[in-house]
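Enquirer: Okay, so here is model09.tsv, and as you'll see once you scroll down, it has TSV, C-alpha atoms.
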chain	number	residue	atom	x	y	z
A	4	MET	CA	-24.95	-16.45	-7.19
A	5	THR	CA	-27.05	-14.60	-4.58
A	6	ALA	CA	-24.72	-12.67	-2.30
A	7	THR	CA	-25.33	-10.60	0.81
A	8	THR	CA	-22.72	-8.27	2.26
A	9	LEU	CA	-22.41	-9.01	5.97
A	10	GLY	CA	-20.01	-6.20	6.75
A	11	ILE	CA	-16.61	-4.71	6.29
A	12	SER	CA	-13.79	-4.99	8.76
A	13	ILE	CA	-11.44	-2.01	8.79
A	14	GLY	CA	-8.66	-1.50	11.29
A	15	GLU	CA	-9.79	-4.27	13.62
A	16	ALA	CA	-7.14	-5.78	15.83
A	17	ILE	CA	-7.91	-9.34	16.82
A	18	PRO	CA	-6.23	-10.00	20.16
A	19	ASP	CA	-4.19	-13.17	20.54
A	20	ARG	CA	-6.40	-14.37	23.39
A	21	ARG	CA	-9.27	-14.73	20.87
A	22	LEU	CA	-7.11	-17.12	18.88
A	23	SER	CA	-5.29	-19.00	21.60
A	24	SER	CA	-7.57	-21.90	22.48
A	25	ASN	CA	-9.14	-24.25	19.95
A	26	ALA	CA	-8.50	-21.82	17.13
A	27	TYR	CA	-8.07	-23.23	13.64
A	28	SER	CA	-4.66	-22.66	12.19
A	29	GLY	CA	-3.40	-23.54	8.75
A	30	THR	CA	-2.22	-22.24	5.40
A	31	ILE	CA	-3.98	-21.50	2.15
A	32	GLN	CA	-2.83	-20.51	-1.32
A	33	LEU	CA	-4.05	-17.12	-2.49
A	34	LYS	CA	-3.14	-16.33	-6.07
A	35	GLY	CA	-0.24	-18.71	-5.76
A	36	LYS	CA	1.14	-17.31	-2.53
A	37	ARG	CA	1.12	-19.18	0.77
A	38	VAL	CA	-0.93	-17.36	3.40
A	39	ARG	CA	-1.09	-18.37	7.07
A	40	ILE	CA	-4.60	-18.29	8.47
A	41	GLU	CA	-6.02	-18.42	11.97
A	42	ILE	CA	-9.73	-18.72	12.71
A	43	SER	CA	-11.03	-18.21	16.23
A	44	GLU	CA	-13.17	-20.79	17.94
A	45	SER	CA	-16.21	-18.53	17.86
A	46	ALA	CA	-15.70	-17.95	14.13
A	47	SER	CA	-15.50	-21.70	13.52
A	48	GLN	CA	-18.72	-22.16	15.50
A	49	ALA	CA	-20.48	-19.38	13.61
A	50	LEU	CA	-19.40	-20.95	10.33
A	51	ALA	CA	-20.71	-24.34	11.40
A	52	GLU	CA	-24.06	-22.86	12.40
A	53	GLN	CA	-24.79	-20.88	9.25
A	54	ASP	CA	-26.33	-22.48	6.22
A	55	LYS	CA	-24.73	-20.08	3.74
A	56	SER	CA	-21.12	-19.99	2.62
A	57	LEU	CA	-18.90	-17.13	3.68
A	58	LEU	CA	-16.56	-15.30	1.36
A	59	VAL	CA	-13.76	-13.30	2.99
A	60	GLU	CA	-12.50	-10.74	0.48
A	61	LEU	CA	-9.18	-9.18	1.36
A	62	GLU	CA	-8.94	-5.80	-0.31
A	63	LEU	CA	-5.89	-3.58	-0.50
A	64	TYR	CA	-7.15	-0.14	-1.33
A	65	PHE	CA	-4.82	2.21	-3.21
A	66	SER	CA	-5.59	5.93	-3.06
A	67	CYS	CA	-3.84	8.80	-1.27
A	68	LEU	CA	-3.28	6.29	1.50
A	69	VAL	CA	-2.95	2.53	1.19
A	70	ARG	CA	-5.65	0.89	3.28
A	71	LYS	CA	-6.50	-2.67	4.21
A	72	GLN	CA	-10.06	-3.87	4.55
A	73	ILE	CA	-11.89	-7.16	4.62
A	74	ARG	CA	-15.34	-7.61	3.14
A	75	PHE	CA	-17.52	-10.45	4.43
A	76	THR	CA	-20.13	-11.76	2.04
A	77	ALA	CA	-22.57	-14.63	2.46
A	78	PHE	CA	-23.78	-16.55	-0.54
A	79	GLN	CA	-26.25	-19.33	-1.01
A	80	HIS	CA	-24.16	-21.89	-2.82
A	81	GLU	CA	-20.54	-22.91	-2.79
A	82	PRO	CA	-18.80	-21.57	-5.93
A	83	GLN	CA	-17.96	-24.07	-8.62
A	84	ASN	CA	-14.33	-24.07	-9.70
A	85	ASP	CA	-14.01	-20.33	-9.39
A	86	THR	CA	-10.35	-19.44	-9.65
A	87	ASP	CA	-10.93	-16.11	-7.94
A	88	TYR	CA	-11.70	-17.80	-4.64
A	89	THR	CA	-9.66	-20.14	-2.49
A	90	ARG	CA	-11.48	-22.71	-0.43
A	91	VAL	CA	-10.33	-22.52	3.18
A	92	MET	CA	-12.70	-25.12	4.57
A	93	LYS	CA	-16.28	-26.20	4.03
A	94	GLY	CA	-18.40	-23.03	3.82
A	95	LEU	CA	-15.45	-20.64	3.92
A	96	TYR	CA	-13.70	-19.03	0.95
A	97	ALA	CA	-11.08	-16.31	0.69
A	98	SER	CA	-9.96	-13.99	-2.07
A	99	PHE	CA	-7.59	-11.09	-2.51
A	100	ARG	CA	-7.57	-8.12	-4.82
A	101	ALA	CA	-5.91	-4.74	-5.04
A	102	VAL	CA	-8.53	-2.06	-5.61
A	103	THR	CA	-8.59	1.60	-6.43
A	104	THR	CA	-10.97	4.46	-7.02
A	105	ALA	CA	-10.86	7.82	-8.71
A	106	HIS	CA	-11.94	9.54	-5.53
A	107	CYS	CA	-10.28	9.54	-2.19
A	108	ARG	CA	-12.86	9.67	0.57
A	109	ILE	CA	-12.06	7.69	3.68
A	110	ASP	CA	-15.61	6.36	3.99
A	111	GLU	CA	-15.96	5.56	0.32
A	112	THR	CA	-15.58	1.84	0.73
A	113	ASP	CA	-18.09	1.47	3.53
A	114	GLY	CA	-20.60	-0.83	1.94
A	115	LYS	CA	-21.19	0.88	-1.39
A	116	PRO	CA	-17.85	0.94	-3.07
A	117	PRO	CA	-17.21	2.52	-6.43
A	118	VAL	CA	-13.95	0.58	-6.30
A	119	GLU	CA	-12.44	-1.14	-9.27
A	120	THR	CA	-9.75	-3.77	-9.45
A	121	LEU	CA	-6.35	-2.21	-9.94
A	122	PRO	CA	-4.64	-3.56	-13.06
A	123	VAL	CA	-1.76	-5.07	-11.11
A	124	LYS	CA	0.78	-6.66	-13.43
A	125	LYS	CA	1.69	-9.67	-11.28
A	126	PRO	CA	-1.38	-11.44	-9.81
A	127	ASP	CA	0.40	-12.53	-6.64
A	128	LEU	CA	1.71	-9.05	-5.95
A	129	PHE	CA	0.68	-7.64	-2.58
A	130	VAL	CA	-1.00	-10.85	-1.41
A	131	PRO	CA	-0.62	-10.73	2.39
A	132	ASP	CA	1.35	-13.16	4.51
A	133	TRP	CA	-1.26	-13.82	7.15
A	134	LEU	CA	-4.98	-13.59	7.87
A	135	LYS	CA	-6.98	-13.76	11.11
A	136	ILE	CA	-10.75	-14.23	11.25
A	137	ASP	CA	-12.97	-13.81	14.29
A	138	PHE	CA	-16.68	-13.60	15.07
A	139	HIS	CA	-17.46	-11.40	18.03
A	140	ALA	CA	-20.64	-9.73	19.28
A	141	GLY	CA	-22.51	-10.77	16.15
A	142	ARG	CA	-19.93	-9.31	13.79
A	143	TRP	CA	-17.36	-10.87	11.50
A	144	LEU	CA	-13.92	-9.40	12.10
A	145	GLY	CA	-10.78	-9.82	10.08
A	146	GLU	CA	-7.21	-8.68	10.05
A	147	TYR	CA	-4.40	-9.33	7.59
A	148	GLY	CA	-0.82	-8.25	7.26
A	149	PHE	CA	2.39	-8.48	5.36
A	150	ARG	CA	4.99	-9.47	7.84
A	151	ASN	CA	5.55	-12.91	9.26
A	152	ASP	CA	4.59	-11.91	12.76
A	153	LEU	CA	1.29	-13.77	13.20
B	9	MET	CA	13.25	5.50	-67.51
B	10	THR	CA	14.60	8.00	-65.05
B	11	THR	CA	12.71	10.74	-63.29
B	12	ASP	CA	14.44	13.78	-61.96
B	13	VAL	CA	13.21	14.67	-58.51
B	14	THR	CA	14.18	18.02	-57.18
B	15	SER	CA	15.32	18.51	-53.63
B	16	THR	CA	12.20	20.52	-52.83
B	17	GLU	CA	9.93	17.80	-54.14
B	18	MET	CA	11.83	15.23	-52.09
B	19	ASP	CA	11.43	17.35	-48.94
B	20	GLN	CA	7.72	17.78	-49.60
B	21	TRP	CA	7.33	14.04	-50.13
B	22	LEU	CA	9.24	13.32	-46.93
B	23	ASP	CA	7.19	15.84	-44.94
B	24	SER	CA	3.90	14.40	-46.11
B	25	LYS	CA	5.09	10.85	-45.46
B	26	LEU	CA	6.22	11.78	-41.94
B	27	ASP	CA	2.95	13.57	-41.25
B	28	GLU	CA	1.15	10.45	-42.36
B	29	LEU	CA	3.18	7.84	-40.48
B	30	LEU	CA	4.79	9.53	-37.52
B	31	PRO	CA	1.77	10.17	-35.23
B	32	ALA	CA	0.72	6.53	-35.33
B	33	LYS	CA	4.29	5.37	-34.82
B	34	LEU	CA	4.83	7.69	-31.86
B	35	LYS	CA	1.52	6.57	-30.37
B	36	THR	CA	2.58	2.93	-30.62
B	37	ILE	CA	5.93	3.69	-28.98
B	38	ASP	CA	4.21	5.61	-26.21
B	39	GLU	CA	1.68	2.84	-25.58
B	40	ASN	CA	4.37	0.16	-25.37
B	41	LYS	CA	6.62	2.14	-23.09
B	42	THR	CA	6.72	1.20	-19.42
B	43	PRO	CA	6.23	4.41	-17.43
B	44	SER	CA	8.80	5.20	-14.80
B	45	MET	CA	8.91	7.20	-11.60
B	46	ALA	CA	11.92	8.40	-9.65
B	47	MET	CA	11.65	9.82	-6.16
B	48	ILE	CA	14.05	11.51	-3.81
B	49	ALA	CA	13.10	10.90	-0.17
B	50	THR	CA	14.73	13.34	2.22
B	51	LYS	CA	12.63	13.21	5.38
B	52	GLY	CA	12.60	10.62	8.12
B	53	THR	CA	9.70	11.47	10.44
B	54	LEU	CA	6.64	9.22	10.60
B	55	ASP	CA	4.30	11.60	8.73
B	56	TRP	CA	6.82	12.04	5.92
B	57	ALA	CA	7.56	8.32	5.73
B	58	TYR	CA	4.17	7.63	4.19
B	59	PRO	CA	4.27	9.65	0.92
B	60	PRO	CA	7.28	7.99	-0.75
B	61	PHE	CA	6.19	4.48	0.17
B	62	ILE	CA	2.52	5.07	-0.76
B	63	LEU	CA	3.39	6.59	-4.13
B	64	ALA	CA	6.04	3.98	-4.83
B	65	SER	CA	3.82	1.01	-4.02
B	66	THR	CA	0.96	2.45	-6.09
B	67	SER	CA	3.23	3.16	-9.02
B	68	ALA	CA	4.76	-0.32	-8.81
B	69	ALA	CA	1.28	-1.83	-8.64
B	70	LEU	CA	0.52	-0.16	-11.95
B	71	GLY	CA	3.59	-1.83	-13.39
B	72	TRP	CA	5.77	1.26	-13.54
B	73	ASP	CA	9.52	1.14	-13.02
B	74	THR	CA	9.96	2.82	-9.68
B	75	SER	CA	13.04	3.88	-7.81
B	76	ILE	CA	13.64	5.90	-4.64
B	77	PHE	CA	16.84	7.68	-3.75
B	78	PHE	CA	17.08	8.07	0.03
B	79	THR	CA	19.24	10.91	1.23
B	80	PHE	CA	19.69	12.99	4.37
B	81	TYR	CA	16.99	12.13	6.96
B	82	GLY	CA	15.22	9.96	4.41
B	83	LEU	CA	17.93	7.39	5.09
B	84	LEU	CA	16.18	6.60	8.37
B	85	LEU	CA	13.36	5.03	6.36
B	86	LEU	CA	15.79	2.32	5.29
B	87	LYS	CA	16.65	1.28	8.83
B	88	LYS	CA	15.86	-2.31	9.73
B	89	ASP	CA	13.74	-1.21	12.68
B	90	LEU	CA	11.22	1.53	11.97
B	91	SER	CA	9.41	1.28	15.28
B	92	ASP	CA	11.09	4.36	16.73
B	93	THR	CA	10.06	6.61	13.82
B	94	LEU	CA	8.31	9.62	15.37
B	95	VAL	CA	6.11	12.48	14.25
B	96	SER	CA	6.91	15.91	15.65
B	97	PRO	CA	4.28	18.58	16.29
B	98	LEU	CA	7.10	21.13	16.58
B	99	GLY	CA	7.03	23.49	13.61
B	100	ASN	CA	4.07	21.57	12.26
B	101	PRO	CA	1.02	23.76	12.96
B	102	ALA	CA	-0.93	22.10	10.15
B	103	MET	CA	-1.03	18.81	12.04
B	104	PRO	CA	-4.56	18.24	13.32
B	105	MET	CA	-4.72	17.20	16.96
B	106	LYS	CA	-7.67	14.85	17.20
B	107	MET	CA	-8.24	11.90	19.47
B	108	PRO	CA	-8.59	8.52	17.78
B	109	PHE	CA	-10.75	7.09	20.57
B	110	GLY	CA	-13.94	7.85	22.44
B	111	PRO	CA	-17.35	8.82	21.04
B	112	LYS	CA	-17.64	10.47	17.63
B	113	TRP	CA	-18.22	14.00	19.01
B	114	PHE	CA	-15.04	13.64	21.09
B	115	GLN	CA	-13.04	12.44	18.10
B	116	ASN	CA	-14.22	15.43	16.09
B	117	ILE	CA	-12.78	17.98	18.53
B	118	ASP	CA	-9.68	19.69	17.17
B	119	TRP	CA	-7.44	20.25	20.17
B	120	ASN	CA	-6.02	23.56	19.11
B	121	MET	CA	-2.93	23.58	21.29
B	122	PRO	CA	-0.26	26.24	20.78
B	123	ASN	CA	2.70	24.81	18.90
B	124	LEU	CA	5.09	26.14	21.50
B	125	LEU	CA	3.23	24.29	24.24
B	126	MET	CA	3.30	21.00	22.35
B	127	ALA	CA	6.99	21.47	21.66
B	128	GLY	CA	7.72	22.19	25.30
B	129	ILE	CA	5.98	19.24	26.92
B	130	PRO	CA	8.45	16.39	27.45
B	131	GLY	CA	7.41	13.23	25.64
B	132	PHE	CA	4.83	14.96	23.46
B	133	GLU	CA	6.38	13.48	20.32
B	134	LYS	CA	5.70	9.99	21.65
B	135	VAL	CA	2.09	10.98	22.41
B	136	ALA	CA	1.59	12.50	18.96
B	137	THR	CA	3.15	9.42	17.36
B	138	THR	CA	0.87	7.09	19.30
B	139	LEU	CA	-2.19	9.15	18.33
B	140	MET	CA	-1.22	9.17	14.67
B	141	LYS	CA	-0.56	5.43	14.61
B	142	LYS	CA	-3.88	4.76	16.35
B	143	THR	CA	-5.76	7.04	13.93
B	144	PHE	CA	-4.24	5.27	10.95
B	145	LYS	CA	-4.87	1.85	12.46
B	146	ASN	CA	-8.55	2.72	13.04
B	147	LYS	CA	-8.90	3.64	9.37
B	148	GLY	CA	-7.16	0.48	8.19
B	149	VAL	CA	-4.18	2.38	6.80
B	150	ALA	CA	-1.18	0.15	6.19
B	151	THR	CA	1.78	0.83	8.47
B	152	VAL	CA	5.05	2.27	7.20
B	153	GLU	CA	6.67	-1.13	7.72
B	154	GLU	CA	3.97	-2.78	5.63
B	155	LEU	CA	4.21	-0.16	2.90
B	156	ARG	CA	7.96	-0.66	2.68
B	157	GLU	CA	7.36	-4.40	2.52
B	158	LEU	CA	4.88	-3.88	-0.34
B	159	CYS	CA	7.42	-1.75	-2.19
B	160	LEU	CA	10.09	-4.40	-1.83
B	161	GLU	CA	7.70	-7.10	-2.95
B	162	ALA	CA	6.87	-5.01	-6.01
B	163	ASP	CA	10.55	-4.59	-6.91
B	164	VAL	CA	10.79	-0.91	-6.13
B	165	LYS	CA	14.45	-0.04	-6.41
B	166	MET	CA	15.76	1.59	-3.25
B	167	VAL	CA	19.14	3.27	-3.33
B	168	ALA	CA	20.85	5.21	-0.56
B	169	CYS	CA	23.12	8.22	-0.68
B	170	GLN	CA	26.56	6.95	0.32
B	171	MET	CA	27.84	10.43	1.12
B	172	THR	CA	25.08	11.09	3.67
B	173	VAL	CA	25.57	7.64	5.17
B	174	ASP	CA	29.20	8.56	5.77
B	175	VAL	CA	28.51	12.11	6.97
B	176	PHE	CA	25.91	11.02	9.53
B	177	GLY	CA	28.07	8.12	10.67
B	178	PHE	CA	25.65	5.38	9.70
B	179	ASP	CA	26.81	1.87	8.96
B	180	GLN	CA	25.38	-0.08	6.03
B	181	SER	CA	24.58	-2.94	8.41
B	182	GLU	CA	21.93	-0.69	10.04
B	183	PHE	CA	19.89	-0.69	6.83
B	184	ILE	CA	17.71	-3.35	5.26
B	185	PRO	CA	19.67	-5.67	2.97
B	186	GLU	CA	17.30	-4.90	0.09
B	187	VAL	CA	18.97	-1.52	-0.46
B	188	THR	CA	20.06	-2.01	-4.05
B	189	ASP	CA	23.06	0.27	-3.98
B	190	TYR	CA	24.88	3.02	-2.14
B	191	VAL	CA	25.44	5.74	-4.69
B	192	GLY	CA	25.86	9.44	-5.26
B	193	ALA	CA	23.79	12.12	-6.94
B	194	THR	CA	25.66	11.60	-10.20
B	195	TYR	CA	24.23	8.09	-10.32
B	196	PHE	CA	20.67	9.08	-9.55
B	197	LEU	CA	20.29	12.25	-11.60
B	198	PRO	CA	20.44	10.40	-14.95
B	199	VAL	CA	17.76	8.02	-13.60
B	200	ALA	CA	15.64	11.04	-12.70
B	201	LYS	CA	16.27	12.63	-16.08
B	202	ASP	CA	14.91	9.60	-17.90
B	203	ALA	CA	11.91	9.12	-15.59
B	204	ASP	CA	8.45	10.18	-16.69
B	205	ILE	CA	7.72	11.45	-13.21
B	206	CYS	CA	10.27	12.77	-10.76
B	207	LEU	CA	9.29	13.77	-7.22
B	208	PHE	CA	11.23	15.35	-4.39
B	209	ILE	CA	9.76	14.49	-1.02
Turn the structure described in the file into structure tokens.
Expert:
Amino acid sequence: MTATTLGISIGEAIPDRRLSSNAYSGTIQLKGKRVRIEISESASQALAEQDKSLLVELELYFSCLVRKQIRFTAFQHEPQNDTDYTRVMKGLYASFRAVTTAHCRIDETDGKPPVETLPVKKPDLFVPDWLKIDFHAGRWLGEYGFRNDL
Amino acid sequence: MTTDVTSTEMDQWLDSKLDELLPAKLKTIDENKTPSMAMIATKGTLDWAYPPFILASTSAALGWDTSIFFTFYGLLLLKKDLSDTLVSPLGNPAMPMKMPFGPKWFQNIDWNMPNLLMAGIPGFEKVATTLMKKTFKNKGVATVEELRELCLEADVKMVACQMTVDVFGFDQSEFIPEVTDYVGATYFLPVAKDADICLFI
């Protein structure tokens, strides 16, 4: 599978006005947990216009601080029966993993991560409750969280 | 046929047998043991709210048995609403004062304000709290509320000191219902004694 990293979204806040009109809203199952998802109109349009599939990887990064980040990756073909990904809609997939690293630099995950999957005992542990996706000024943006306050 | 074995020979045989078998046996026991961590959280300001919840969620993620005993000001971290948790620059000269907005060169300036000045300006705690929250948000750091949520999801055991609850005039209804128990030090010390790691925060 040929994949291209499109960017990483860290600490982005997607304002409600970006999601208010014509935004897609629904739920998906990530590692067995129900996750509410909202996709802005511009993100839906960008998805429809691109010929590659988009993978939205939700990463929870454990080090001296616990950080949230979302990695956007484009790939040529839709994955076949891959249990690591959840299909959100045509051309859009989501996944979640808890990651860690031996080092603790704040910019360590920016594009070239020496991260490794944390051996979490329960696969559904730490899966977030909600996810927002936006496409703004040529960039994919994402935000996820753990409380039911979407 | 009987063979007389002297006590010394028996001891030697036992010693050699133990030397042969014990290391492997102990290794197996150690490998199969679930590690455990016990923490005592005593501080309730925003900056000190992070360490117990970060360490507890990480430890629980690794599958360790994790418990936190909240006492004194640490009890505030169990309140249902954490939104009014503040960071104080007073008596905290190590706290960097940097702005989480503006161009990079501006963000890199360390506003070296005298501690006494920061302590004397009304509302400075709110400003410092806002700056810290914004800095963390920019870096994608999970909020204290989220970290506590992660801990609860990962079955971190949270117990509160009943004596301090009484002394400070708190009511149990002010705290999250997930508090496992309201106990005393005599309950928690044996837990700490048996833990592989014990931390006082």
Enquirer: List as a PDB file with C-alpha atoms, in the frame of the given file the protein and nucleic acid residues near A:Arg39, meaning an atom at most 8 Å away when all atoms listed in the file are counted, but skip any in the same chain fewer than 6 places from it.
Expert:
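Below is the file out-v9.pdb, written as the result:
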ATOM      1  CA  SER A  28      -4.660 -22.660  12.190  1.00  0.00           C
ATOM      2  CA  GLY A  29      -3.400 -23.540   8.750  1.00  0.00           C
ATOM      3  CA  THR A  30      -2.220 -22.240   5.400  1.00  0.00           C
ATOM      4  CA  ILE A  31      -3.980 -21.500   2.150  1.00  0.00           C
ATOM      5  CA  ASP A 132       1.350 -13.160   4.510  1.00  0.00           C
ATOM      6  CA  TRP A 133      -1.260 -13.820   7.150  1.00  0.00           C
ATOM      7  CA  LEU A 134      -4.980 -13.590   7.870  1.00  0.00           C
TER       8      LEU A 134
END
Enquirer: Counting only C-alpha atoms, which residue out of B:Ser181, B:Ser67, B:Thr79, B:Thr138 sits closest to B:Cys169?
Expert: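 Closest to B:Cys169 of all the choices is B:Thr79.
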Enquirer: Taking only C-alpha atoms into account, produce a table as a Markdown table in which each residue of chain A with an atom at most 10 Å from an atom of chain B appears once, together with its shortest atom pair and the distance in Å to one decimal, ordered by chain and rising number.
Expert:
| residue | atom | partner | partner_atom | distance |
| --- | --- | --- | --- | --- |
| A:Ser12 | CA | B:Gly148 | CA | 8.6 |
| A:Ile13 | CA | B:Gly148 | CA | 5.0 |
| A:Gly14 | CA | B:Gly148 | CA | 4.0 |
| A:Glu15 | CA | B:Asn146 | CA | 7.1 |
| A:Ala16 | CA | B:Lys145 | CA | 8.6 |
| A:Leu63 | CA | B:Ala150 | CA | 9.0 |
| A:Tyr64 | CA | B:Val149 | CA | 9.0 |
| A:Phe65 | CA | B:Thr66 | CA | 6.5 |
| A:Ser66 | CA | B:Thr66 | CA | 8.0 |
| A:Cys67 | CA | B:Ile62 | CA | 7.4 |
| A:Leu68 | CA | B:Ile62 | CA | 6.3 |
| A:Val69 | CA | B:Val149 | CA | 5.7 |
| A:Arg70 | CA | B:Val149 | CA | 4.1 |
| A:Lys71 | CA | B:Gly148 | CA | 5.1 |
| A:Gln72 | CA | B:Gly148 | CA | 6.4 |
| A:Ile73 | CA | B:Gly148 | CA | 9.7 |
| A:Ala101 | CA | B:Ala69 | CA | 8.6 |
| A:Thr103 | CA | B:Thr66 | CA | 9.6 |
| A:Ile109 | CA | B:Lys147 | CA | 7.7 |
| A:Asp110 | CA | B:Lys147 | CA | 9.0 |
| A:Leu121 | CA | B:Leu70 | CA | 7.4 |
| A:Pro122 | CA | B:Leu70 | CA | 6.3 |
| A:Val123 | CA | B:Ala69 | CA | 5.1 |
| A:Lys124 | CA | B:Gly71 | CA | 5.6 |
| A:Lys125 | CA | B:Ala69 | CA | 8.3 |
| A:Asp127 | CA | B:Glu161 | CA | 9.8 |
| A:Leu128 | CA | B:Ala162 | CA | 6.6 |
| A:Phe129 | CA | B:Leu158 | CA | 6.1 |
| A:Val130 | CA | B:Leu158 | CA | 9.2 |
| A:Pro131 | CA | B:Leu158 | CA | 9.2 |
| A:Glu146 | CA | B:Gly148 | CA | 9.3 |
| A:Gly148 | CA | B:Glu154 | CA | 7.5 |
| A:Phe149 | CA | B:Glu154 | CA | 5.9 |
| A:Arg150 | CA | B:Glu154 | CA | 7.1 |
Enquirer: Rank A:Gln53, A:Ser43, A:Gln32, A:Thr5 by their smallest atom-to-atom distance to A:Ser98, using only C-alpha atoms, and report the top residue only.
Expert: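 Among the listed residues, the smallest separation from A:Ser98 belongs to A:Gln32.
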Enquirer: Find the residues around B:Glu186 up to 10 Å (all atoms listed in the file counted), leave out those fewer than 6 positions away in its own chain, and share them as a list in words.
Expert: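 With the cut-off at 10 Å, the set is Leu86, Leu160, Asp163, Val164, Lys165, Met166 and Val167 of chain B.
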Enquirer: Output the selection as a PDB file, keeping the file's coordinate frame - C-alpha atoms for each residue.
Expert:
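After the write, selection.pdb holds the following:
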ATOM      1  CA  LEU B  86      15.790   2.320   5.290  1.00  0.00           C
ATOM      2  CA  LEU B 160      10.090  -4.400  -1.830  1.00  0.00           C
ATOM      3  CA  ASP B 163      10.550  -4.590  -6.910  1.00  0.00           C
ATOM      4  CA  VAL B 164      10.790  -0.910  -6.130  1.00  0.00           C
ATOM      5  CA  LYS B 165      14.450  -0.040  -6.410  1.00  0.00           C
ATOM      6  CA  MET B 166      15.760   1.590  -3.250  1.00  0.00           C
ATOM      7  CA  VAL B 167      19.140   3.270  -3.330  1.00  0.00           C
TER       8      VAL B 167
END
Enquirer: To one decimal in Å, tell me the separation between atom CA of A:Lys93 and atom CA of A:Lys36.
Expert: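 Those two atoms sit 20.6 Å apart.
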Enquirer: Which distance in Å separates atom CA of B:Ser96 and atom CA of B:Ile184, to one decimal?
Expert: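 Spanning atom CA of B:Ser96 to atom CA of B:Ile184 is a straight-line distance of 24.4 Å.
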Enquirer: Might you pull out every residue within 10 Å of stretch 170-172 of chain B, with only C-alpha atoms counted and same-chain residues fewer than 5 positions away left off, and present them as a PyMOL selection string?
Expert: chain B and resi 78-83+177-178+180+189-193
Enquirer: How far is it from atom CA of B:Leu94 to atom CA of B:Trp119, in Å with one decimal?
Expert: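 Computing the Euclidean distance for atom CA of B:Leu94 and atom CA of B:Trp119 yields 19.6 Å.
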Enquirer: If we count all atoms listed in the file and set the cut-off at 7 Å, which residues sit around stretch 44-51 of chain A, ignoring sequence neighbours fewer than 4 positions away in its own chain? Please answer as a list in words.
Expert: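 Within the cut-off, the hits are Asn25, Ala26, Gly94, Ile136, Asp137 and Phe138 of chain A.
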Enquirer: May I have the residues within 7 Å of B:Pro60 as a PyMOL selection string, using only C-alpha atoms and disregarding those fewer than 3 positions away in the same chain?
Expert: chain B and resi 49+57+63-64+209
